[in-house]
>>> print(open('start20.cif').read())   # mmCIF, C-alpha atoms
data_upload
loop_
_atom_site.label_atom_id
_atom_site.label_comp_id
_atom_site.auth_asym_id
_atom_site.auth_seq_id
_atom_site.Cartn_x
_atom_site.Cartn_y
_atom_site.Cartn_z
CA MET A 198 12.90 -26.41 -11.57
CA VAL A 199 9.64 -27.23 -9.79
CA MET A 200 8.75 -30.90 -9.31
CA ASN A 201 5.19 -31.96 -8.57
CA GLU A 202 3.99 -34.86 -6.45
CA PRO A 203 0.47 -36.33 -6.38
CA ALA A 204 -2.04 -34.18 -4.54
CA ASN A 205 -4.55 -35.51 -2.03
CA HIS A 206 -7.27 -33.08 -3.11
CA SER A 207 -8.63 -32.85 -6.59
CA ASP A 208 -9.11 -29.12 -6.19
CA ALA A 209 -5.51 -28.49 -5.16
CA LEU A 210 -2.36 -28.28 -7.16
CA ALA A 211 0.32 -30.81 -6.33
CA PRO A 212 2.74 -29.86 -3.56
CA ALA A 213 5.69 -28.12 -5.18
CA LEU A 214 9.31 -28.80 -4.26
CA VAL A 215 11.68 -26.14 -5.55
CA THR A 216 15.00 -27.92 -5.94
CA THR A 217 17.30 -25.44 -7.68
CA ARG A 218 18.94 -22.27 -6.42
CA MET A 219 17.45 -20.30 -9.31
CA GLY A 220 13.99 -21.62 -8.55
CA ALA A 221 14.35 -20.76 -4.87
CA ASP A 222 15.59 -17.27 -5.71
CA THR A 223 12.74 -16.71 -8.18
CA LEU A 224 10.21 -17.70 -5.53
CA ALA A 225 11.87 -15.47 -2.94
CA VAL A 226 11.98 -12.48 -5.31
CA SER A 227 8.29 -12.80 -6.15
CA LEU A 228 7.43 -12.82 -2.45
CA MET A 229 9.89 -10.00 -1.83
CA LEU A 230 8.00 -7.81 -4.30
CA VAL A 231 4.80 -8.37 -2.33
CA PHE A 232 6.66 -7.47 0.88
CA MET A 233 8.08 -4.40 -0.87
CA THR A 234 4.55 -3.28 -1.75
CA ASN A 235 3.65 -3.78 1.89
CA ALA A 236 6.40 -1.32 2.90
CA VAL A 237 5.40 1.19 0.21
CA ILE A 238 1.80 1.27 1.42
CA LEU A 239 2.86 1.59 5.05
CA SER A 240 5.21 4.49 4.20
CA VAL A 241 2.81 6.48 2.05
CA MET A 242 1.02 8.56 4.69
CA PRO A 243 3.79 11.12 5.40
CA ILE A 244 4.01 11.71 1.64
CA VAL A 245 0.34 12.61 1.23
CA THR A 246 -0.29 14.31 4.59
CA ASP A 247 0.07 17.91 3.38
CA ASP A 248 -2.27 17.33 0.44
CA LEU A 249 -4.91 15.68 2.65
CA GLN A 250 -4.76 18.46 5.21
CA THR A 251 -4.95 21.17 2.55
CA ARG A 252 -7.86 19.58 0.64
CA PHE A 253 -9.95 18.21 3.52
CA GLY A 254 -8.72 20.03 6.62
CA LEU A 255 -7.70 16.84 8.41
CA SER A 256 -6.11 17.39 11.80
CA SER A 257 -2.80 15.85 12.86
CA GLY A 258 -4.79 13.55 15.13
CA GLN A 259 -6.85 12.30 12.19
CA ILE A 260 -3.70 11.71 10.16
CA GLY A 261 -2.23 9.77 13.07
CA LEU A 262 -5.42 7.75 13.35
CA LEU A 263 -5.08 6.65 9.73
CA THR A 264 -1.71 5.09 10.57
CA SER A 265 -3.03 3.61 13.83
CA VAL A 266 -5.94 1.98 11.99
CA PHE A 267 -3.53 0.55 9.43
CA MET A 268 -1.30 -0.92 12.17
CA GLY A 269 -4.25 -2.21 14.17
CA PHE A 270 -5.59 -4.25 11.26
CA TYR A 271 -2.00 -5.20 10.39
CA GLY A 272 -1.62 -6.86 13.78
CA VAL A 273 -4.97 -8.67 13.65
CA ALA A 274 -4.28 -9.93 10.12
CA GLY A 275 -0.82 -11.13 11.14
CA ILE A 276 -2.17 -13.61 13.66
CA SER A 277 -5.31 -14.57 11.71
CA SER A 278 -3.35 -15.26 8.51
CA GLY A 279 -1.08 -17.57 10.50
CA PHE A 280 -4.24 -19.38 11.53
CA PHE A 281 -5.50 -19.97 7.98
CA ALA A 282 -2.25 -20.15 5.97
CA PRO A 283 -1.71 -23.86 6.79
CA ARG A 284 -5.05 -24.57 5.10
CA TRP A 285 -4.73 -22.41 1.98
CA GLY A 286 -1.04 -21.54 1.70
CA GLY A 287 0.13 -19.06 -0.91
CA ARG A 288 -3.32 -18.74 -2.44
CA LEU A 289 -4.04 -16.27 0.35
CA LEU A 290 -1.59 -13.87 -1.30
CA GLY A 291 -4.42 -13.28 -3.76
CA VAL A 292 -6.43 -11.88 -0.85
CA THR A 293 -3.41 -9.84 0.27
CA CYS A 294 -2.90 -8.17 -3.08
CA ALA A 295 -6.65 -7.74 -3.57
CA CYS A 296 -6.61 -5.75 -0.30
CA PHE A 297 -3.73 -3.66 -1.64
CA VAL A 298 -5.66 -2.90 -4.82
CA ALA A 299 -9.07 -2.37 -3.23
CA GLY A 300 -7.80 -0.33 -0.29
CA SER A 301 -5.59 1.91 -2.42
CA THR A 302 -8.32 2.43 -5.01
CA LEU A 303 -10.86 3.29 -2.32
CA PHE A 304 -8.48 5.83 -0.80
CA ALA A 305 -7.87 7.36 -4.22
CA VAL A 306 -11.56 7.88 -4.97
CA SER A 307 -12.66 8.88 -1.45
CA SER A 308 -13.28 12.41 -0.28
CA SER A 309 -14.34 11.67 3.30
CA PHE A 310 -12.48 10.69 6.44
CA VAL A 311 -14.66 7.60 6.83
CA GLY A 312 -13.58 6.46 3.37
CA PHE A 313 -9.92 7.07 4.21
CA VAL A 314 -10.20 5.08 7.46
CA THR A 315 -11.93 2.19 5.70
CA ALA A 316 -9.28 2.18 2.97
CA ARG A 317 -6.41 2.09 5.48
CA ALA A 318 -8.11 -0.77 7.35
CA ILE A 319 -8.32 -2.78 4.11
CA GLN A 320 -4.70 -2.00 3.27
CA GLY A 321 -3.55 -2.98 6.78
CA THR A 322 -5.39 -6.27 6.52
CA GLY A 323 -3.52 -7.14 3.34
CA ALA A 324 -0.17 -5.96 4.66
CA GLY A 325 -0.40 -7.97 7.88
CA MET A 326 -0.84 -11.25 6.01
CA VAL A 327 2.37 -11.23 3.99
CA VAL A 328 4.95 -12.67 6.40
CA ALA A 329 2.87 -15.56 7.76
CA ILE A 330 1.75 -16.65 4.29
CA SER A 331 5.26 -16.39 2.88
CA SER A 332 6.59 -18.45 5.76
CA VAL A 333 4.21 -21.30 4.98
CA VAL A 334 4.99 -21.15 1.24
CA MET A 335 8.76 -21.24 1.67
CA ALA A 336 8.74 -23.84 4.46
CA SER A 337 6.57 -26.09 2.29
CA CYS A 338 8.56 -25.69 -0.92
CA LEU A 339 12.20 -25.00 -0.08
CA PRO A 340 14.88 -27.22 1.43
CA THR A 341 15.81 -26.13 4.93
CA GLU A 342 19.29 -25.05 3.88
CA ARG A 343 17.84 -22.52 1.43
CA LEU A 344 15.46 -20.82 3.86
CA SER A 345 17.88 -18.27 5.34
CA ARG A 346 18.88 -17.05 1.89
CA ALA A 347 15.23 -16.89 0.80
CA TRP A 348 14.30 -14.85 3.88
CA GLY A 349 17.25 -12.59 3.20
CA VAL A 350 15.91 -11.88 -0.27
CA LEU A 351 12.32 -11.47 0.93
CA GLY A 352 13.26 -9.25 3.86
CA SER A 353 15.20 -6.86 1.64
CA GLY A 354 11.83 -5.83 0.21
CA TRP A 355 11.19 -3.81 3.37
CA GLY A 356 14.13 -1.48 2.85
CA LEU A 357 13.54 -1.40 -0.89
CA GLY A 358 9.89 -0.45 -0.42
CA SER A 359 10.76 2.31 2.06
CA MET A 360 13.29 3.77 -0.38
CA LEU A 361 10.91 3.46 -3.32
CA ALA A 362 8.18 5.29 -1.43
CA LEU A 363 10.54 8.05 -0.36
CA LEU A 364 12.35 8.59 -3.66
CA VAL A 365 9.54 8.13 -6.21
CA LEU A 366 6.17 8.90 -4.68
CA PRO A 367 6.86 12.47 -3.45
CA SER A 368 7.40 13.61 -7.06
CA LEU A 369 4.21 11.88 -8.13
CA GLU A 370 2.28 13.48 -5.25
CA LYS A 371 3.64 16.90 -6.10
CA ALA A 372 2.69 16.53 -9.77
CA ALA A 373 -0.74 14.89 -9.44
CA GLY A 374 -1.82 14.76 -5.78
CA PHE A 375 -2.62 12.01 -3.32
CA ARG A 376 -5.09 10.27 -5.64
CA ALA A 377 -2.35 9.50 -8.15
CA VAL A 378 -0.14 8.12 -5.39
CA PHE A 379 -2.77 5.65 -4.23
CA LEU A 380 -3.70 4.65 -7.78
CA ALA A 381 -0.02 3.91 -8.33
CA THR A 382 0.09 1.68 -5.24
CA ALA A 383 -3.07 -0.05 -6.46
CA GLY A 384 -1.36 -0.78 -9.77
CA LEU A 385 1.75 -2.01 -7.98
CA GLY A 386 -0.35 -4.35 -5.85
CA LEU A 387 -2.00 -5.79 -8.95
CA VAL A 388 1.30 -6.39 -10.75
CA VAL A 389 3.10 -8.06 -7.83
CA GLY A 390 0.01 -10.16 -7.07
CA VAL A 391 -0.17 -11.51 -10.62
CA GLY A 392 3.57 -12.16 -10.55
CA ALA A 393 3.43 -14.12 -7.29
CA LEU A 394 0.35 -16.16 -8.17
CA SER A 395 1.79 -17.07 -11.57
CA GLN A 396 4.07 -19.57 -9.78
CA LYS A 397 2.81 -23.06 -8.99
CA ALA A 398 4.82 -23.07 -5.78
CA VAL A 399 2.71 -20.15 -4.53
CA ARG A 400 -0.63 -21.48 -5.76
CA ALA A 401 -0.10 -24.96 -4.33
CA ARG A 402 -1.81 -25.75 -1.07
CA PRO A 403 0.53 -26.97 1.69
CA PRO A 404 1.06 -30.74 1.51
CA TYR A 405 -0.22 -31.13 5.06
CA ALA A 406 -3.46 -29.18 4.36
CA ALA A 407 -5.48 -32.40 4.36
CA ARG A 408 -4.75 -33.09 8.00
CA GLY A 409 -5.12 -29.47 9.08
CA ALA A 410 -8.42 -28.64 7.43
CA SER A 411 -10.82 -28.71 10.35
CA MET A 412 -11.30 -25.87 12.78
CA HIS A 413 -10.20 -28.22 15.57
CA ASP A 414 -6.92 -28.87 13.76
CA LEU A 415 -6.35 -25.16 13.18
CA VAL A 416 -7.01 -24.33 16.82
CA HIS A 417 -4.71 -27.15 17.90
CA SER A 418 -1.90 -25.86 15.69
CA MET A 419 -2.31 -22.32 17.00
CA THR A 420 -2.38 -23.49 20.61
CA ALA A 421 0.67 -25.68 20.13
CA ALA A 422 2.60 -22.79 18.58
CA ALA A 423 1.61 -20.46 21.43
CA ARG A 424 2.83 -23.02 24.01
CA ASN A 425 6.15 -23.63 22.25
CA TYR A 426 8.78 -21.76 24.25
CA ARG A 427 11.19 -21.59 21.29
CA VAL A 428 8.51 -19.92 19.19
CA LEU A 429 7.92 -17.43 21.99
CA LEU A 430 11.63 -16.69 22.42
CA ILE A 431 12.00 -15.99 18.70
CA GLY A 432 8.86 -13.86 18.97
CA PHE A 433 10.49 -11.79 21.72
CA ALA A 434 13.47 -11.31 19.40
CA ASN A 435 11.05 -9.95 16.80
CA THR A 436 9.51 -7.68 19.45
CA ALA A 437 12.97 -6.19 19.97
CA GLU A 438 13.61 -5.88 16.24
CA LEU A 439 10.48 -3.87 15.52
CA ALA A 440 10.74 -1.88 18.74
CA VAL A 441 14.17 -0.65 17.64
CA ALA A 442 13.37 -0.26 13.94
CA VAL A 443 10.16 1.73 14.51
CA GLY A 444 11.56 3.58 17.51
CA LEU A 445 14.59 4.82 15.59
CA LEU A 446 12.43 5.81 12.61
CA ALA A 447 9.91 7.64 14.79
CA TRP A 448 12.27 9.48 17.14
CA GLY A 449 15.70 9.42 15.49
CA PRO A 450 15.14 12.46 13.22
CA LEU A 451 13.66 14.51 16.08
CA PHE A 452 16.55 13.52 18.33
CA LEU A 453 19.09 14.80 15.82
CA LYS A 454 17.10 18.01 15.46
CA ASP A 455 16.30 18.70 19.13
CA ILE A 456 19.59 17.63 20.71
CA HIS A 457 22.19 18.00 17.96
CA GLY A 458 20.67 20.92 16.04
CA ALA A 459 20.42 19.07 12.74
CA GLY A 460 18.56 20.78 9.89
CA GLY A 461 15.22 19.65 8.54
CA SER A 462 16.82 17.92 5.54
CA THR A 463 18.68 15.61 7.92
CA ALA A 464 15.44 13.79 8.69
CA PHE A 465 14.91 13.17 4.97
CA TYR A 466 18.41 11.76 4.56
CA LEU A 467 18.10 9.67 7.72
CA VAL A 468 14.88 8.00 6.58
CA ALA A 469 16.41 7.27 3.16
CA ALA A 470 19.63 5.97 4.72
CA LEU A 471 17.68 3.75 7.13
CA GLY A 472 15.93 2.15 4.18
CA ALA A 473 19.29 1.51 2.52
CA ALA A 474 20.74 0.09 5.73
CA GLN A 475 17.81 -2.30 6.09
CA LEU A 476 18.11 -3.26 2.43
CA LEU A 477 21.72 -4.30 3.05
CA GLY A 478 21.05 -5.90 6.42
CA ASN A 479 18.77 -8.68 5.20
CA PRO A 480 20.95 -10.37 2.56
CA LEU A 481 24.10 -9.93 4.63
CA GLY A 482 22.32 -11.44 7.62
CA ALA A 483 21.24 -14.39 5.49
CA THR A 484 24.84 -14.90 4.36
CA ALA A 485 26.07 -14.72 7.94
CA SER A 486 23.47 -17.28 9.00
CA GLY A 487 24.78 -19.66 6.37
CA ILE A 488 28.36 -19.24 7.59
CA TRP A 489 27.99 -19.04 11.39
CA GLY A 490 24.48 -20.39 11.96
CA LYS A 491 21.17 -18.80 12.84
CA TYR A 492 21.53 -18.87 16.62
CA PRO A 493 24.84 -16.91 16.81
CA VAL A 494 23.48 -14.31 14.38
CA ILE A 495 20.40 -13.73 16.55
CA ILE A 496 22.39 -13.55 19.80
CA VAL A 497 25.05 -11.19 18.42
CA SER A 498 22.45 -8.98 16.74
CA LEU A 499 20.41 -8.54 19.93
CA LEU A 500 23.53 -7.63 21.89
CA ALA A 501 24.73 -5.24 19.18
CA MET A 502 21.30 -3.52 19.06
CA ALA A 503 21.36 -3.12 22.84
CA ILE A 504 24.80 -1.52 22.79
CA LEU A 505 24.06 0.77 19.85
CA THR A 506 20.78 2.06 21.26
CA ALA A 507 22.26 2.53 24.74
CA LEU A 508 25.11 4.63 23.35
CA GLU A 509 22.85 6.74 21.13
CA GLY A 510 21.76 9.08 23.90
CA PHE A 511 25.30 9.77 25.14
CA VAL A 512 27.59 10.15 22.12
CA PRO A 513 28.71 13.66 21.10
CA GLY A 514 28.12 15.17 17.67
CA VAL A 515 25.46 14.76 15.04
CA ALA A 516 27.64 12.66 12.72
CA LEU A 517 28.30 9.93 15.28
CA ALA A 518 24.68 9.95 16.44
CA PHE A 519 23.54 9.66 12.80
CA CYS A 520 25.86 6.69 12.22
CA LEU A 521 24.69 4.87 15.35
CA ILE A 522 21.08 5.18 14.22
CA LEU A 523 21.98 3.71 10.84
CA LEU A 524 23.88 0.85 12.44
CA GLY A 525 20.94 0.17 14.73
CA GLY A 526 18.61 0.01 11.73
CA PHE A 527 21.04 -2.27 9.90
CA VAL A 528 21.33 -4.71 12.80
CA SER A 529 17.57 -4.71 13.40
CA MET A 530 17.11 -6.35 9.98
CA PHE A 531 20.35 -8.35 10.04
CA TYR A 532 18.82 -11.22 12.00
CA PHE A 533 15.42 -11.16 10.29
CA PRO A 534 16.34 -14.06 7.93
CA ALA A 535 17.73 -16.20 10.75
CA MET A 536 14.69 -15.57 12.93
CA LEU A 537 12.10 -16.54 10.31
CA ALA A 538 14.17 -19.42 8.90
CA TYR A 539 14.08 -21.03 12.35
CA MET A 540 10.29 -21.46 12.28
CA PRO A 541 10.10 -24.80 10.42
CA GLU A 542 12.74 -26.22 12.76
CA VAL A 543 11.29 -25.23 16.13
CA VAL A 544 7.68 -26.35 15.62
CA LYS A 545 6.65 -29.94 16.24
CA GLU A 546 4.46 -30.28 13.13
CA PRO A 547 4.82 -28.49 9.78
CA GLU A 548 1.25 -27.20 9.92
CA GLN A 549 2.32 -25.10 12.92
CA VAL A 550 4.68 -22.95 10.81
CA GLY A 551 1.93 -20.53 9.82
CA PRO A 552 0.52 -20.06 13.34
CA ALA A 553 4.04 -19.69 14.75
CA THR A 554 4.88 -17.01 12.19
CA GLY A 555 1.59 -15.25 12.82
CA LEU A 556 2.35 -15.23 16.54
CA ASN A 557 5.82 -13.89 15.74
CA ALA A 558 4.28 -11.08 13.70
CA LEU A 559 1.84 -10.25 16.51
CA MET A 560 4.65 -10.03 19.08
CA GLY A 561 6.62 -7.80 16.73
CA PHE A 562 3.56 -5.61 16.29
CA VAL A 563 3.37 -5.16 20.07
CA GLY A 564 6.98 -3.99 20.11
CA SER A 565 6.36 -1.55 17.28
CA MET A 566 3.47 0.03 19.17
CA VAL A 567 4.58 -0.09 22.81
CA ALA A 568 8.25 0.94 22.63
CA PRO A 569 7.75 4.16 20.59
CA TRP A 570 4.83 5.09 22.86
CA ILE A 571 6.94 4.72 26.02
CA PHE A 572 9.74 6.67 24.31
CA GLY A 573 7.35 9.51 23.50
CA HIS A 574 5.89 9.51 27.01
CA LEU A 575 9.38 9.93 28.46
CA LEU A 576 9.99 12.86 26.12
CA ASP A 577 6.79 14.52 27.32
CA LEU A 578 7.80 14.04 30.95
CA GLY A 579 11.32 15.33 30.32
CA ASN A 580 10.41 18.20 27.97
CA LYS A 581 12.46 16.65 25.18
CA SER A 582 15.70 17.15 27.09
CA ALA A 583 18.88 15.22 26.41
CA HIS A 584 18.21 13.11 29.51
CA ALA A 585 14.70 12.34 28.29
CA TYR A 586 16.01 11.15 24.92
CA ALA A 587 18.70 9.09 26.65
CA GLY A 588 15.98 7.46 28.75
CA GLY A 589 14.00 6.68 25.60
CA PHE A 590 16.97 4.99 23.97
CA LEU A 591 17.56 2.98 27.15
CA VAL A 592 13.97 1.74 26.85
CA LEU A 593 14.86 0.40 23.41
CA THR A 594 17.95 -1.17 24.98
CA ALA A 595 15.76 -2.97 27.51
CA PHE A 596 13.63 -4.37 24.69
CA CYS A 597 16.85 -5.86 23.24
CA LEU A 598 18.36 -7.20 26.46
CA ALA A 599 15.24 -9.13 27.52
CA PRO A 600 15.22 -11.50 24.50
CA PHE A 601 19.05 -11.58 24.53
CA VAL A 602 18.91 -13.14 27.99
CA GLY A 603 15.99 -15.33 26.98
CA MET A 604 17.82 -16.79 23.98
CA PHE A 605 20.32 -18.45 26.35
CA PHE A 606 17.46 -20.80 27.26
CA PHE A 607 16.74 -21.55 23.60
CA ARG A 608 18.96 -24.67 23.44
CA PRO A 609 19.52 -24.68 19.67
CA GLY A 610 21.31 -28.00 19.76
CA SER A 611 18.12 -29.78 20.82
CA VAL A 612 16.08 -28.54 17.86
CA ALA A 613 14.93 -31.52 15.81
CA LYS A 614 16.57 -31.68 12.40
CA ARG A 615 14.21 -31.85 9.43
CA GLY A 616 14.74 -32.78 5.87
CA GLY A 617 14.38 -30.10 3.25
CA GLY A 618 11.44 -29.27 1.07
CA CYS A 619 8.04 -30.93 1.09
CA SER A 620 9.17 -34.52 1.57
CA PRO A 621 8.89 -34.54 5.38
CA MET A 622 5.64 -32.58 5.12
CA LEU A 623 3.67 -34.88 2.81
CA PRO A 624 0.23 -35.88 4.10
CA ARG A 625 0.04 -39.01 6.18
CA ASP A 626 -1.63 -42.04 4.61
#
>>> encode(input="start20.cif", output="structure tokens")
Amino acid sequence: MVMNEPANHSDALAPALVTTRMGADTLAVSLMLVFMTNAVILSVMPIVTDDLQTRFGLSSGQIGLLTSVFMGFYGVAGISSGFFAPRWGGRLLGVTCACFVAGSTLFAVSSSFVGFVTARAIQGTGAGMVVAISSVVMASCLPTERLSRAWGVLGSGWGLGSMLALLVLPSLEKAAGFRAVFLATAGLGLVVGVGALSQKAVRARPPYAARGASMHDLVHSMTAAARNYRVLLIGFANTAELAVAVGLLAWGPLFLKDIHGAGGSTAFYLVAALGAAQLLGNPLGATASGIWGKYPVIIVSLLAMAILTALEGFVPGVALAFCLILLGGFVSMFYFPAMLAYMPEVVKEPEQVGPATGLNALMGFVGSMVAPWIFGHLLDLGNKSAHAYAGGFLVLTAFCLAPFVGMFFFRPGSVAKRGGGCSPMLPRD
């Protein structure tokens, strides 16, 4: 059930308070489908690479640039959406899904590299907005005790999207080419956008929008979030999460091939299995947060990731190495719900949730770019030897240990307790 309270603005829907478990789950699923589309669009390039190179003669460098452009705009949109989400809330998901549709359609109809780059920039802009906007929507509309579960549902969209892209789109590409693949993602973006915006809880502006409307207020909220050491510590945890998740995805298959002599099909199975592991990690992490608390889940996950990645370069046999990569991927998403559910609790004002989540996304983006690059540089220096790979995995370990140590300064017991839902976030008189 969704209950409405009087709105301060005539042009805004009333703030929505989702009070039932079914209502909270419905909201989380609708946002999860948007996040799933995000993962599908991110994962699509390896599927269409051969077709693009055959039709247009694109080099490997140009293909890589298409992903780099996507991630670059993803990072910029992550922080900028956190800046504006407190003002407009879930309505910005309309912009997100419009970027999915427009970017995918442009890619489908383009026949030039400039068109492809522009399309990936538009897609990356939409993809980077999802987490910050969803954070504001759920923090505004859900009781605090339901946030971990909601993030567990939403986060599972990442693994689901990766699996969907891998298992469905290759057949479509083989049958009809890259244009059909991108038209399909455009259609998916349209459907999930309509589904999300059909809910009042998504369309409602945040109840504190009235006092956060000016540019001065937005800048103040962003500055306050950036100076909040708890926000920064959680951001470092996200840096570790994406460093490990992207690092394992980028270099794990090559490691199994170069060092353990795995066949080419192993990479296919590893990518699919990583998606499944991440799909399981989110809801189980949300359940664990409800039982043991968010702070222990984050601490244990960071330590477990450090141990798993450190061991990866030294264990014998392809089977054990394969399993450690899967466990690392599982743990990397296990604490995602706890990490994001903390945001409404660690900020001083509710309008800082969006900026704090945007900052979190930006710090995660840095991890996803820097760690795999260092890993690859070590492989170049070491000629892809076993020692070079071991050094790369130890780099990922360092990314985990730094926030693990930092979280001991988090002081979870001193976090101010908030009431659930919109009640504590209603505009001041």
>>> resolve_selection(input="start20.cif", expression="the PyMOL selection byres ((chain A and resi 346-353) around 10)", output="NGL selection string")
:A and (218 or 221-233 or 328 or 331-332 or 335 or 339 or 342-345 or 354-358 or 472-487 or 530-538)
>>> write_last_selection(input="start20.cif", atoms="C-alpha atoms", output="short mmCIF file (atom, residue, chain, number, x, y, z; two decimals), in the frame of the given file")
data_model
loop_
_atom_site.label_atom_id
_atom_site.label_comp_id
_atom_site.auth_asym_id
_atom_site.auth_seq_id
_atom_site.Cartn_x
_atom_site.Cartn_y
_atom_site.Cartn_z
CA ARG A 218 18.94 -22.27 -6.42
CA ALA A 221 14.35 -20.76 -4.87
CA ASP A 222 15.59 -17.27 -5.71
CA THR A 223 12.74 -16.71 -8.18
CA LEU A 224 10.21 -17.70 -5.53
CA ALA A 225 11.87 -15.47 -2.94
CA VAL A 226 11.98 -12.48 -5.31
CA SER A 227 8.29 -12.80 -6.15
CA LEU A 228 7.43 -12.82 -2.45
CA MET A 229 9.89 -10.00 -1.83
CA LEU A 230 8.00 -7.81 -4.30
CA VAL A 231 4.80 -8.37 -2.33
CA PHE A 232 6.66 -7.47 0.88
CA MET A 233 8.08 -4.40 -0.87
CA VAL A 328 4.95 -12.67 6.40
CA SER A 331 5.26 -16.39 2.88
CA SER A 332 6.59 -18.45 5.76
CA MET A 335 8.76 -21.24 1.67
CA LEU A 339 12.20 -25.00 -0.08
CA GLU A 342 19.29 -25.05 3.88
CA ARG A 343 17.84 -22.52 1.43
CA LEU A 344 15.46 -20.82 3.86
CA SER A 345 17.88 -18.27 5.34
CA GLY A 354 11.83 -5.83 0.21
CA TRP A 355 11.19 -3.81 3.37
CA GLY A 356 14.13 -1.48 2.85
CA LEU A 357 13.54 -1.40 -0.89
CA GLY A 358 9.89 -0.45 -0.42
CA GLY A 472 15.93 2.15 4.18
CA ALA A 473 19.29 1.51 2.52
CA ALA A 474 20.74 0.09 5.73
CA GLN A 475 17.81 -2.30 6.09
CA LEU A 476 18.11 -3.26 2.43
CA LEU A 477 21.72 -4.30 3.05
CA GLY A 478 21.05 -5.90 6.42
CA ASN A 479 18.77 -8.68 5.20
CA PRO A 480 20.95 -10.37 2.56
CA LEU A 481 24.10 -9.93 4.63
CA GLY A 482 22.32 -11.44 7.62
CA ALA A 483 21.24 -14.39 5.49
CA THR A 484 24.84 -14.90 4.36
CA ALA A 485 26.07 -14.72 7.94
CA SER A 486 23.47 -17.28 9.00
CA GLY A 487 24.78 -19.66 6.37
CA MET A 530 17.11 -6.35 9.98
CA PHE A 531 20.35 -8.35 10.04
CA TYR A 532 18.82 -11.22 12.00
CA PHE A 533 15.42 -11.16 10.29
CA PRO A 534 16.34 -14.06 7.93
CA ALA A 535 17.73 -16.20 10.75
CA MET A 536 14.69 -15.57 12.93
CA LEU A 537 12.10 -16.54 10.31
CA ALA A 538 14.17 -19.42 8.90
#
>>> atom_distance(input="start20.cif", atom1="CA of Met419 in chain A", atom2="CA of Gly287 in chain A")
18.4 Å
>>> atom_distance(input="start20.cif", atom1="CA of Val378 in chain A", atom2="CA of Ala305 in chain A")
7.9 Å
>>> atom_distance(input="start20.cif", atom1="CA of Thr293 in chain A", atom2="CA of Ile330 in chain A")
9.4 Å
>>> closest_residue(input="start20.cif", among="A:Gly432, A:Pro243, A:Gly286, A:Gly588", to="Gly510 in chain A", atoms="all atoms listed in the file")
A:Gly588
>>> resolve_selection(input="start20.cif", expression="the PyMOL selection byres ((chain A and resi 270) around 9)", output="list in words")
Ser265, Val266, Phe267, Met268, Gly269, Tyr271, Gly272, Val273, Ala274, Gly275, Arg317, Ala318, Ile319, Gln320, Gly321, Thr322, Gly323, Ala324 and Gly325 of chain A
>>> resolve_selection(input="start20.cif", expression="the PyMOL selection byres ((chain A and resi 599) around 12)", output="mmCIF file with C-alpha atoms, keeping the file's coordinate frame")
data_model
loop_
_atom_site.group_PDB
_atom_site.id
_atom_site.type_symbol
_atom_site.label_atom_id
_atom_site.label_comp_id
_atom_site.auth_asym_id
_atom_site.auth_seq_id
_atom_site.Cartn_x
_atom_site.Cartn_y
_atom_site.Cartn_z
ATOM 1 C CA LEU A 430 11.630 -16.690 22.420
ATOM 2 C CA ILE A 431 12.000 -15.990 18.700
ATOM 3 C CA GLY A 432 8.860 -13.860 18.970
ATOM 4 C CA PHE A 433 10.490 -11.790 21.720
ATOM 5 C CA ALA A 434 13.470 -11.310 19.400
ATOM 6 C CA ASN A 435 11.050 -9.950 16.800
ATOM 7 C CA THR A 436 9.510 -7.680 19.450
ATOM 8 C CA ALA A 437 12.970 -6.190 19.970
ATOM 9 C CA GLU A 438 13.610 -5.880 16.240
ATOM 10 C CA ILE A 496 22.390 -13.550 19.800
ATOM 11 C CA LEU A 499 20.410 -8.540 19.930
ATOM 12 C CA LEU A 500 23.530 -7.630 21.890
ATOM 13 C CA MET A 502 21.300 -3.520 19.060
ATOM 14 C CA ALA A 503 21.360 -3.120 22.840
ATOM 15 C CA VAL A 592 13.970 1.740 26.850
ATOM 16 C CA LEU A 593 14.860 0.400 23.410
ATOM 17 C CA THR A 594 17.950 -1.170 24.980
ATOM 18 C CA ALA A 595 15.760 -2.970 27.510
ATOM 19 C CA PHE A 596 13.630 -4.370 24.690
ATOM 20 C CA CYS A 597 16.850 -5.860 23.240
ATOM 21 C CA LEU A 598 18.360 -7.200 26.460
ATOM 22 C CA PRO A 600 15.220 -11.500 24.500
ATOM 23 C CA PHE A 601 19.050 -11.580 24.530
ATOM 24 C CA VAL A 602 18.910 -13.140 27.990
ATOM 25 C CA GLY A 603 15.990 -15.330 26.980
ATOM 26 C CA MET A 604 17.820 -16.790 23.980
ATOM 27 C CA PHE A 605 20.320 -18.450 26.350
ATOM 28 C CA PHE A 606 17.460 -20.800 27.260
#
>>> residues_near_point(input="start20.cif", point="(2.9, 7.6, -5.5)", cutoff="7 Å", atoms="only C-alpha atoms", output="JSON, numbers by chain")
{"A": [365, 366, 367, 369, 370, 377, 378, 379, 381, 382]}
>>> closest_residue(input="start20.cif", among="A:Gly526, A:Pro403, A:Gly374, A:Gly564", to="Pro547 in chain A", atoms="all atoms listed in the file")
A:Pro403
>>> closest_residue(input="start20.cif", among="A:Glu509, A:Asp577, A:Glu542, A:Asp247", to="Val441 in chain A", atoms="only C-alpha atoms")
A:Glu509
>>> closest_residue(input="start20.cif", among="A:His584, A:Leu364, A:Ala423, A:Leu578", to="Phe452 in chain A", atoms="all atoms listed in the file")
A:His584
>>> residues_around(input="start20.cif", residues="Ala383 in chain A", least_positions_apart="4", cutoff="7 Å", atoms="all atoms listed in the file", output="PDB file with C-alpha atoms, in the coordinates of the input")
ATOM      1  CA  PHE A 297      -3.730  -3.660  -1.640  1.00  0.00           C
ATOM      2  CA  VAL A 298      -5.660  -2.900  -4.820  1.00  0.00           C
ATOM      3  CA  SER A 301      -5.590   1.910  -2.420  1.00  0.00           C
ATOM      4  CA  THR A 302      -8.320   2.430  -5.010  1.00  0.00           C
ATOM      5  CA  PHE A 379      -2.770   5.650  -4.230  1.00  0.00           C
ATOM      6  CA  LEU A 387      -2.000  -5.790  -8.950  1.00  0.00           C
TER       7      LEU A 387
END
